[in-house]
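Okay, model.cif is below, mmCIF, C-alpha atoms:
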data_structure
#
loop_
_atom_site.label_atom_id
_atom_site.label_comp_id
_atom_site.auth_asym_id
_atom_site.auth_seq_id
_atom_site.Cartn_x
_atom_site.Cartn_y
_atom_site.Cartn_z
CA MET A 21 70.46 22.99 153.65
CA SER A 22 71.24 20.87 156.75
CA TRP A 23 72.08 22.19 160.21
CA LEU A 24 75.62 20.86 159.90
CA GLN A 25 76.19 22.64 156.59
CA THR A 26 74.73 25.85 158.02
CA LEU A 27 77.05 25.64 161.05
CA ARG A 28 80.06 25.01 158.79
CA VAL A 29 79.23 28.02 156.59
CA ALA A 30 78.66 30.22 159.66
CA LEU A 31 81.97 29.22 161.26
CA ARG A 32 83.85 29.87 157.99
CA ALA A 33 82.28 33.32 157.81
CA LEU A 34 83.37 34.10 161.36
CA ALA A 35 86.87 32.76 160.71
CA ARG A 36 87.34 35.17 157.77
CA ASN A 37 87.36 38.06 160.27
CA LYS A 38 89.01 36.50 163.33
CA LEU A 39 89.94 39.72 165.12
CA ARG A 40 86.50 41.22 164.64
CA SER A 41 84.85 38.02 165.86
CA ILE A 42 87.08 37.94 168.95
CA LEU A 43 86.39 41.57 169.81
CA THR A 44 82.65 41.05 169.26
CA GLY A 45 82.57 38.08 171.62
CA LEU A 46 84.66 39.90 174.22
CA GLY A 47 81.62 41.67 175.66
CA VAL A 48 79.92 38.33 176.28
CA VAL A 49 83.14 36.89 177.74
CA ILE A 50 83.41 39.75 180.24
CA GLY A 51 79.72 39.59 181.12
CA VAL A 52 79.67 35.84 181.79
CA ALA A 53 83.00 35.99 183.65
CA ALA A 54 81.67 38.75 185.89
CA VAL A 55 78.48 36.81 186.67
CA ILE A 56 80.35 33.58 187.46
CA ALA A 57 83.01 35.32 189.59
CA MET A 58 80.56 37.46 191.55
CA VAL A 59 78.18 34.61 192.32
CA ALA A 60 81.01 32.22 193.27
CA ILE A 61 82.68 34.76 195.56
CA GLY A 62 79.33 35.84 197.03
CA ASP A 63 78.29 32.27 197.78
CA GLY A 64 81.70 31.60 199.29
CA ALA A 65 81.43 34.68 201.51
CA ARG A 66 77.97 33.62 202.65
CA ALA A 67 79.21 30.11 203.40
CA ARG A 68 82.06 31.58 205.42
CA VAL A 69 79.64 33.68 207.48
CA GLU A 70 77.40 30.67 208.08
CA ALA A 71 80.38 28.49 209.05
CA ALA A 72 81.68 31.16 211.42
CA PHE A 73 78.36 31.37 213.24
CA ALA A 74 77.97 27.58 213.18
CA SER A 75 81.33 27.30 214.94
CA MET A 76 79.83 29.19 217.88
CA GLY A 77 77.37 26.35 218.36
CA SER A 78 74.17 25.10 216.80
CA ASP A 79 70.81 26.58 217.91
CA MET A 80 72.59 28.57 220.61
CA LEU A 81 71.27 31.37 222.82
CA ILE A 82 73.34 33.52 225.18
CA VAL A 83 71.61 34.78 228.33
CA LEU A 84 73.38 37.81 229.82
CA PRO A 85 72.73 39.48 233.18
CA GLY A 86 71.33 42.99 233.48
CA SER A 87 72.83 46.47 233.32
CA SER A 88 73.99 48.68 236.14
CA THR A 89 73.14 52.30 236.88
CA GLY A 90 75.26 54.61 238.98
CA GLY A 91 75.60 58.40 239.12
CA GLY A 92 73.46 58.72 236.00
CA ALA A 93 75.75 56.39 234.03
CA MET A 94 74.19 53.33 232.46
CA GLY A 95 76.23 50.15 232.15
CA GLY A 96 75.71 47.64 229.39
CA PHE A 97 74.15 44.20 229.75
CA GLY A 98 76.41 42.02 231.88
CA SER A 99 77.61 44.85 234.13
CA LEU A 100 75.23 43.88 236.98
CA PRO A 101 74.76 40.24 238.07
CA THR A 102 71.04 39.44 237.99
CA LEU A 103 71.09 35.77 237.04
CA THR A 104 71.21 33.10 239.73
CA TRP A 105 72.26 29.49 239.87
CA ASP A 106 68.62 28.63 240.51
CA ASP A 107 67.77 30.39 237.22
CA LEU A 108 70.23 28.09 235.46
CA ARG A 109 68.73 24.98 237.07
CA ALA A 110 65.21 26.13 236.16
CA ILE A 111 66.22 26.70 232.51
CA GLN A 112 67.75 23.22 232.40
CA ALA A 113 64.81 21.43 234.04
CA GLU A 114 61.61 23.29 233.18
CA LEU A 115 61.75 24.35 229.53
CA PRO A 116 60.90 21.73 226.87
CA ALA A 117 62.51 23.74 224.05
CA VAL A 118 65.87 23.80 225.85
CA ARG A 119 68.18 20.88 225.11
CA VAL A 120 71.05 21.81 227.39
CA ALA A 121 72.41 24.85 229.29
CA ALA A 122 75.80 25.67 230.77
CA PRO A 123 77.20 28.54 232.86
CA THR A 124 80.29 30.37 231.67
CA LEU A 125 82.42 32.41 234.08
CA ARG A 126 85.42 34.01 232.42
CA THR A 127 88.58 35.90 233.27
CA ASN A 128 92.04 36.44 231.79
CA ALA A 129 94.93 34.74 233.55
CA GLN A 130 98.55 33.72 233.02
CA VAL A 131 98.88 30.01 232.24
CA VAL A 132 102.33 28.56 232.94
CA SER A 133 103.88 25.29 231.77
CA GLU A 134 107.36 24.05 232.69
CA GLU A 135 109.08 26.23 230.09
CA GLN A 136 106.57 28.78 228.73
CA ASN A 137 103.72 31.01 229.86
CA TRP A 138 100.80 32.61 228.06
CA LEU A 139 98.08 35.12 228.97
CA THR A 140 94.77 33.63 227.86
CA SER A 141 91.06 33.42 228.59
CA VAL A 142 90.16 31.01 231.40
CA SER A 143 86.53 29.91 231.64
CA GLY A 144 84.75 28.00 234.36
CA THR A 145 81.94 25.87 233.02
CA THR A 146 80.41 22.38 232.94
CA PRO A 147 80.66 19.48 230.45
CA ASP A 148 77.41 20.74 228.86
CA PHE A 149 79.40 23.70 227.50
CA LEU A 150 81.04 21.44 224.92
CA GLU A 151 77.65 20.16 223.78
CA VAL A 152 76.20 23.67 223.43
CA ARG A 153 79.23 24.83 221.45
CA ALA A 154 79.43 21.57 219.44
CA TRP A 155 83.10 21.44 220.40
CA PRO A 156 84.68 17.95 220.45
CA VAL A 157 87.90 16.99 222.22
CA ALA A 158 90.84 16.20 219.91
CA GLN A 159 93.14 14.62 222.51
CA GLY A 160 92.40 13.10 225.89
CA ALA A 161 88.92 13.54 227.34
CA ALA A 162 86.65 16.25 228.69
CA PHE A 163 86.22 16.74 232.41
CA THR A 164 83.06 15.20 233.85
CA ASP A 165 80.15 16.13 236.11
CA ALA A 166 82.00 14.30 238.91
CA ASP A 167 84.96 16.67 238.37
CA VAL A 168 82.58 19.64 238.70
CA GLU A 169 81.01 18.26 241.88
CA GLY A 170 84.38 17.42 243.41
CA GLY A 171 86.13 20.66 242.38
CA ALA A 172 88.83 18.75 240.52
CA LYS A 173 91.85 20.73 239.34
CA VAL A 174 91.70 19.63 235.71
CA ALA A 175 91.80 21.68 232.51
CA LEU A 176 91.02 21.54 228.81
CA LEU A 177 93.34 23.54 226.55
CA GLY A 178 92.56 25.21 223.24
CA GLN A 179 94.88 24.63 220.29
CA THR A 180 96.41 28.12 220.44
CA VAL A 181 97.32 27.68 224.12
CA VAL A 182 98.91 24.29 223.36
CA GLU A 183 101.02 25.82 220.57
CA LYS A 184 102.19 28.69 222.79
CA LEU A 185 103.02 26.51 225.80
CA TYR A 186 104.25 23.30 224.18
CA GLY A 187 104.76 23.96 220.45
CA GLY A 188 102.85 22.72 217.41
CA GLY A 189 101.88 19.05 217.34
CA ALA A 190 102.57 18.52 221.05
CA SER A 191 100.39 16.32 223.28
CA PRO A 192 100.16 17.92 226.74
CA VAL A 193 97.59 15.47 228.11
CA GLY A 194 98.62 14.40 231.60
CA GLN A 195 101.02 17.31 232.07
CA ALA A 196 100.64 20.06 234.65
CA VAL A 197 99.97 23.75 234.06
CA ARG A 198 99.64 26.51 236.62
CA ILE A 199 96.76 28.98 236.46
CA LYS A 200 97.24 31.87 238.89
CA ASN A 201 99.90 29.70 240.54
CA ILE A 202 97.38 26.88 241.11
CA PRO A 203 98.46 23.54 239.57
CA PHE A 204 96.01 21.91 237.14
CA THR A 205 96.30 18.64 235.23
CA VAL A 206 95.64 18.81 231.49
CA VAL A 207 93.04 16.12 230.72
CA GLY A 208 92.30 17.05 227.11
CA VAL A 209 92.90 19.31 224.11
CA LEU A 210 89.96 20.83 222.24
CA GLU A 211 89.64 20.57 218.48
CA ARG A 212 90.54 23.69 216.52
CA LYS A 213 87.62 26.12 216.20
CA GLY A 214 89.17 29.05 214.38
CA GLN A 215 88.02 32.64 214.63
CA SER A 216 84.65 34.18 215.34
CA PRO A 217 82.97 36.53 212.80
CA PHE A 218 84.42 39.37 214.89
CA GLY A 219 88.02 38.13 214.85
CA GLN A 220 88.16 36.47 218.28
CA ASP A 221 90.40 33.39 218.46
CA TYR A 222 88.22 30.64 219.93
CA ASP A 223 91.25 28.38 220.43
CA ASP A 224 92.99 30.83 222.77
CA THR A 225 91.18 29.48 225.83
CA VAL A 226 91.37 27.19 228.84
CA LEU A 227 88.31 25.46 230.31
CA VAL A 228 88.12 24.30 233.93
CA PRO A 229 85.23 22.99 236.09
CA VAL A 230 83.07 25.86 237.27
CA SER A 231 83.34 24.83 240.91
CA THR A 232 87.14 24.81 240.72
CA TYR A 233 87.05 28.18 238.98
CA GLN A 234 85.08 29.71 241.86
CA GLN A 235 87.20 28.12 244.57
CA LYS A 236 90.68 28.60 243.10
CA ILE A 237 90.64 31.26 240.37
CA GLN A 238 87.92 33.81 240.99
CA GLY A 239 85.48 33.75 243.87
CA GLY A 240 81.76 33.55 243.17
CA LEU A 241 78.83 35.67 244.36
CA ASN A 242 77.05 32.97 246.35
CA THR A 243 73.58 32.64 244.79
CA LEU A 244 74.34 35.04 241.90
CA LEU A 245 75.91 33.74 238.71
CA SER A 246 78.73 36.13 237.79
CA GLY A 247 78.82 35.22 234.12
CA VAL A 248 76.52 34.22 231.30
CA ILE A 249 74.39 31.18 230.49
CA LEU A 250 74.85 29.41 227.17
CA VAL A 251 71.70 27.59 226.06
CA GLY A 252 71.43 24.94 223.37
CA ALA A 253 67.87 24.83 222.01
CA GLN A 254 66.15 21.81 220.55
CA ALA A 255 66.78 21.54 216.79
CA GLY A 256 64.84 24.25 214.96
CA GLU A 257 63.27 25.63 218.15
CA THR A 258 65.62 28.52 218.91
CA ALA A 259 62.86 31.16 218.78
CA ARG A 260 60.58 29.05 221.00
CA ALA A 261 63.38 28.49 223.50
CA GLU A 262 64.09 32.23 223.60
CA SER A 263 60.43 32.96 224.33
CA GLN A 264 60.29 30.34 227.09
CA ILE A 265 63.50 31.58 228.73
CA ARG A 266 62.26 35.17 228.71
CA ALA A 267 58.92 34.20 230.28
CA LEU A 268 60.62 32.02 232.90
CA LEU A 269 63.19 34.63 233.96
CA ARG A 270 60.63 37.44 234.11
CA ASP A 271 58.45 35.27 236.35
CA ARG A 272 61.38 34.22 238.56
CA HIS A 273 62.64 37.82 238.87
CA HIS A 274 59.10 39.06 239.69
CA LEU A 275 59.12 41.73 236.99
CA ALA A 276 55.95 43.75 236.45
CA GLN A 277 54.25 43.44 233.07
CA ASP A 278 55.43 46.88 231.93
CA ALA A 279 58.93 46.55 233.42
CA GLU A 280 61.97 46.06 231.22
CA ASP A 281 63.91 42.81 231.30
CA ASP A 282 66.79 42.75 233.80
CA PHE A 283 68.63 40.36 231.47
CA SER A 284 69.34 40.05 227.76
CA ILE A 285 69.05 37.11 225.36
CA ARG A 286 71.21 36.99 222.23
CA ASN A 287 69.93 34.76 219.44
CA LEU A 288 72.91 33.86 217.26
CA SER A 289 70.68 32.20 214.66
CA GLU A 290 69.00 35.54 213.92
CA ILE A 291 72.36 37.30 213.65
CA ALA A 292 73.68 34.61 211.31
CA SER A 293 70.53 34.77 209.17
CA ALA A 294 70.78 38.56 208.91
CA GLN A 295 74.45 38.35 207.91
CA ALA A 296 73.77 35.65 205.33
CA GLU A 297 70.78 37.56 203.93
CA GLY A 298 72.87 40.70 203.58
CA THR A 299 75.57 38.77 201.72
CA ARG A 300 72.93 37.12 199.52
CA THR A 301 71.44 40.51 198.61
CA LEU A 302 74.87 41.92 197.76
CA THR A 303 75.63 38.87 195.60
CA ALA A 304 72.36 39.29 193.71
CA LEU A 305 73.11 42.99 193.17
CA LEU A 306 76.60 42.29 191.85
CA ALA A 307 75.28 39.52 189.59
CA ALA A 308 72.61 41.89 188.22
CA ILE A 309 75.24 44.53 187.49
CA ALA A 310 77.42 41.90 185.82
CA ALA A 311 74.43 40.77 183.71
CA VAL A 312 74.31 44.27 182.21
CA SER A 313 77.67 43.46 180.61
CA LEU A 314 75.98 40.57 178.83
CA LEU A 315 73.38 42.93 177.38
CA VAL A 316 76.14 45.28 176.26
CA GLY A 317 77.84 42.29 174.63
CA GLY A 318 74.56 41.44 172.90
CA ILE A 319 74.32 44.97 171.50
CA GLY A 320 77.87 44.55 170.20
CA ILE A 321 76.84 41.31 168.46
CA MET A 322 73.86 43.04 166.83
CA ASN A 323 76.04 45.91 165.65
CA ILE A 324 78.67 43.66 164.09
CA MET A 325 76.06 41.40 162.51
CA LEU A 326 74.38 44.41 160.88
CA VAL A 327 77.77 45.48 159.53
CA SER A 328 78.34 41.92 158.31
CA VAL A 329 75.00 41.91 156.49
CA THR A 330 75.96 45.13 154.70
CA GLU A 331 79.43 43.85 153.78
CA ARG A 332 78.11 40.51 152.51
CA THR A 333 75.13 41.80 150.54
CA ARG A 334 76.52 40.51 147.21
CA GLU A 335 77.30 37.13 148.80
CA ILE A 336 73.70 36.93 150.05
CA GLY A 337 72.44 37.84 146.56
CA VAL A 338 74.57 35.09 144.96
CA ARG A 339 73.33 32.49 147.44
CA MET A 340 69.72 33.47 146.80
CA ALA A 341 70.30 33.38 143.05
CA VAL A 342 71.52 29.78 143.23
CA GLY A 343 68.51 28.64 145.28
CA ALA A 344 69.05 29.58 148.91
CA ARG A 345 65.79 30.38 150.61
CA GLY A 346 65.17 33.26 153.00
CA ARG A 347 65.05 30.92 155.99
CA ASP A 348 68.46 29.50 155.01
CA ILE A 349 69.97 33.00 155.01
CA ARG A 350 68.20 33.83 158.29
CA LEU A 351 69.40 30.61 159.90
CA GLN A 352 72.99 31.22 158.83
CA PHE A 353 73.17 34.63 160.47
CA LEU A 354 71.39 33.37 163.59
CA VAL A 355 73.90 30.53 163.89
CA GLU A 356 76.77 32.99 163.51
CA ALA A 357 75.38 35.18 166.31
CA LEU A 358 74.70 32.11 168.47
CA ALA A 359 78.20 30.73 167.89
CA LEU A 360 79.76 34.04 168.90
CA ALA A 361 77.65 34.24 172.07
CA VAL A 362 78.11 30.62 173.18
CA ALA A 363 81.86 30.66 172.50
CA GLY A 364 82.09 33.89 174.46
CA GLY A 365 80.03 32.32 177.25
CA LEU A 366 82.29 29.27 177.53
CA LEU A 367 85.42 31.43 177.60
CA GLY A 368 83.70 33.63 180.16
CA VAL A 369 83.08 30.62 182.42
CA VAL A 370 86.77 29.72 182.38
CA LEU A 371 87.81 33.33 182.99
CA GLY A 372 85.19 33.80 185.72
CA LEU A 373 86.29 30.69 187.62
CA GLY A 374 89.91 31.81 187.36
CA ILE A 375 89.03 35.26 188.75
CA ALA A 376 86.94 33.72 191.54
CA TRP A 377 89.73 31.40 192.66
CA ARG A 378 92.27 34.21 192.49
CA LEU A 379 90.16 36.56 194.60
CA ALA A 380 89.32 33.76 197.02
CA ALA A 381 93.03 32.98 197.48
CA THR A 382 93.73 36.66 198.09
CA PHE A 383 90.99 37.20 200.69
CA GLY A 384 91.00 33.69 202.17
CA TRP A 385 87.39 32.96 201.19
CA PRO A 386 86.03 29.63 200.00
CA VAL A 387 84.81 29.39 196.39
CA LEU A 388 81.46 27.71 195.78
CA VAL A 389 81.00 26.83 192.11
CA ARG A 390 77.35 26.23 191.30
CA PRO A 391 76.75 24.23 188.09
CA ASP A 392 73.28 25.75 187.78
CA VAL A 393 74.76 29.27 187.65
CA ILE A 394 77.23 28.17 184.96
CA LEU A 395 74.46 26.63 182.86
CA VAL A 396 72.23 29.68 183.30
CA ALA A 397 75.09 32.06 182.39
CA VAL A 398 75.99 30.12 179.22
CA GLY A 399 72.33 29.65 178.32
CA PHE A 400 71.65 33.34 178.85
CA SER A 401 74.61 34.26 176.67
CA GLY A 402 73.16 32.02 173.91
CA LEU A 403 69.78 33.67 174.37
CA VAL A 404 71.44 37.08 174.07
CA GLY A 405 73.08 35.95 170.83
CA VAL A 406 69.78 34.76 169.35
CA ALA A 407 67.83 37.82 170.56
CA PHE A 408 70.31 40.37 169.26
CA GLY A 409 71.17 38.40 166.14
CA PHE A 410 67.55 37.96 165.04
CA TYR A 411 67.08 41.42 163.51
CA PRO A 412 70.28 41.32 161.39
CA ALA A 413 69.33 37.76 160.27
CA LEU A 414 65.81 38.89 159.40
CA LYS A 415 67.18 41.87 157.49
CA ALA A 416 69.53 39.60 155.51
CA SER A 417 66.74 37.13 154.65
CA ARG A 418 64.54 39.92 153.27
CA LEU A 419 67.09 41.32 150.81
CA ASP A 420 66.00 41.39 147.18
CA PRO A 421 68.34 39.10 145.21
CA ILE A 422 68.56 41.42 142.19
CA GLN A 423 69.31 44.50 144.32
CA ALA A 424 71.78 42.46 146.37
CA LEU A 425 73.67 41.37 143.24
CA ARG A 426 73.93 45.02 142.11
CA PHE A 427 75.26 46.15 145.51
CA GLU A 428 78.80 47.56 145.38
#
Taking this structure as input, can you express it in the form of structure tokens?
Amino acid sequence: MSWLQTLRVALRALARNKLRSILTGLGVVIGVAAVIAMVAIGDGARARVEAAFASMGSDMLIVLPGSSTGGGAMGGFGSLPTLTWDDLRAIQAELPAVRVAAPTLRTNAQVVSEEQNWLTSVSGTTPDFLEVRAWPVAQGAAFTDADVEGGAKVALLGQTVVEKLYGGGASPVGQAVRIKNIPFTVVGVLERKGQSPFGQDYDDTVLVPVSTYQQKIQGGLNTLLSGVILVGAQAGETARAESQIRALLRDRHHLAQDAEDDFSIRNLSEIASAQAEGTRTLTALLAAIAAVSLLVGGIGIMNIMLVSVTERTREIGVRMAVGARGRDIRLQFLVEALALAVAGGLLGVVLGLGIAWRLAATFGWPVLVRPDVILVAVGFSGLVGVAFGFYPALKASRLDPIQALRFE
């Protein structure tokens, strides 16, 4: 008996009990759909976390000043200026693992155009800030080192600020805005960055030269840097750059070997890796739970196939009487189980992708469909069908023809 004939006989047998076949395959459908949906959503969530941290800047470190102590109360890092402008210059010039570094001094201020005003974050920095943050300019141009040296009154606006002051799609380059009643010329508009992993709107910001910031917006502390230092490490050398910065600052601040740091270094790569690893673990857990549904579906296939063997005992006896061999009977029942499982797997893929896209649309997550996961899920469903269909097929092939023909 050929494979094609066996498949045709198996499909006819399944078609005789359509409802039972559908209900039997439903367990596999649900199991495969759950695996596909959970993995797609989990991968999408992980990609969103990685993209959110990547939007902060590639290979970026944040160096914060120390903490204050007063009346027994401890302030957090950043509450006491301990970093100096010389520290910044030393980080830029002396550390081989550091690609670029930029100061960031920040305050909130009212920004006023001709017709509108908006309270936003105003940061004083240098052109290197845009390189650290991997933040290109969408319109106009960035301010230059010459603007920093000359204290030019120029500004870069984030997309949210442009929308609030000028409306969507506007081009404010060349126009004037007032920051704390000081006129600035808009030289560029930053590309849209979106939100941070913690919900902060990156685009709700204005950037000005750090020298202008100190002279016109908020006075500085002479040699002390009243903000943070953003550091862009060489590609793949974030940990090495962190180690070099820590050693340099401890030496420059003359800290004893057993003394605590009077600064803090935040490594965003480590935070992003931890977030992504947590999401990956959760995805694996959900996929493992979903895989249990496949096993339950396999048990359902075995149960129905055993019932089918009992119901079709006379049919099996007749086939054996006219020359069917045991392996032909065994193959027929294995093909039936395999057909149920694979059909259920394919339907499960369609259902799983539909669920994934629906959930993604609801929560605003991307959906990452991995062909390897689809192939593994369908292949595993086929394996479940063969594994759980083998015993009923073996039982059918071992029936005695004479006893089978007498079965009522």
*atom CA of A:Leu419 to atom CA of A:Val338, straight-line distance in Å*: 11.4 Å
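Pairwise distance (atom CA of A:Arg66, atom CA of A:Leu379) equals 14.9 Å.
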*Enter the distance from atom CA of A:Leu176 to atom CA of A:Val142, in Å, rounded to one decimal.*
9.9 Å
_Neighbouring residues of A:Gly247 were defined as those with any atom within 6 Å, considering all atoms listed in the file; residues of the same chain fewer than 2 positions away were excluded. Please report them as a PyMOL selection string._
chain A and resi 124-125+245
For the file shown, what are the residues hit by the PyMOL selection byres ((chain A and resi 203) around 12), laid out as a PDB file with C-alpha atoms, in the frame of the given file?
ATOM      1  CA  VAL A 131      98.880  30.010 232.240  1.00  0.00           C
ATOM      2  CA  VAL A 132     102.330  28.560 232.940  1.00  0.00           C
ATOM      3  CA  SER A 133     103.880  25.290 231.770  1.00  0.00           C
ATOM      4  CA  GLU A 134     107.360  24.050 232.690  1.00  0.00           C
ATOM      5  CA  ALA A 172      88.830  18.750 240.520  1.00  0.00           C
ATOM      6  CA  LYS A 173      91.850  20.730 239.340  1.00  0.00           C
ATOM      7  CA  VAL A 174      91.700  19.630 235.710  1.00  0.00           C
ATOM      8  CA  ALA A 175      91.800  21.680 232.510  1.00  0.00           C
ATOM      9  CA  GLN A 195     101.020  17.310 232.070  1.00  0.00           C
ATOM     10  CA  ALA A 196     100.640  20.060 234.650  1.00  0.00           C
ATOM     11  CA  VAL A 197      99.970  23.750 234.060  1.00  0.00           C
ATOM     12  CA  ARG A 198      99.640  26.510 236.620  1.00  0.00           C
ATOM     13  CA  ILE A 199      96.760  28.980 236.460  1.00  0.00           C
ATOM     14  CA  LYS A 200      97.240  31.870 238.890  1.00  0.00           C
ATOM     15  CA  ASN A 201      99.900  29.700 240.540  1.00  0.00           C
ATOM     16  CA  ILE A 202      97.380  26.880 241.110  1.00  0.00           C
ATOM     17  CA  PHE A 204      96.010  21.910 237.140  1.00  0.00           C
ATOM     18  CA  THR A 205      96.300  18.640 235.230  1.00  0.00           C
ATOM     19  CA  VAL A 206      95.640  18.810 231.490  1.00  0.00           C
ATOM     20  CA  VAL A 228      88.120  24.300 233.930  1.00  0.00           C
ATOM     21  CA  THR A 232      87.140  24.810 240.720  1.00  0.00           C
ATOM     22  CA  LYS A 236      90.680  28.600 243.100  1.00  0.00           C
ATOM     23  CA  ILE A 237      90.640  31.260 240.370  1.00  0.00           C
TER      24      ILE A 237
END
*On this file, the PyMOL selection byres ((chain A and resi 416-418) around 7) gives some set of residues; write that set as an MDAnalysis selection string.*
chainID A and resid 329 346:347 349:350 412:415 419:420
_Test item: the PyMOL selection byres ((chain A and resi 397) around 12) resolved as a count of residues only_ = 42
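Nearest to A:Ser231 of all the residues A:Arg260, A:Lys213, A:Thr164, A:Pro192 is A:Thr164, based on only C-alpha atoms.
Each of A:Tyr233, A:Trp155, A:Trp138, A:Phe163 was compared to A:Tyr186 using all atoms listed in the file, and A:Trp138 turns out to be the nearest.
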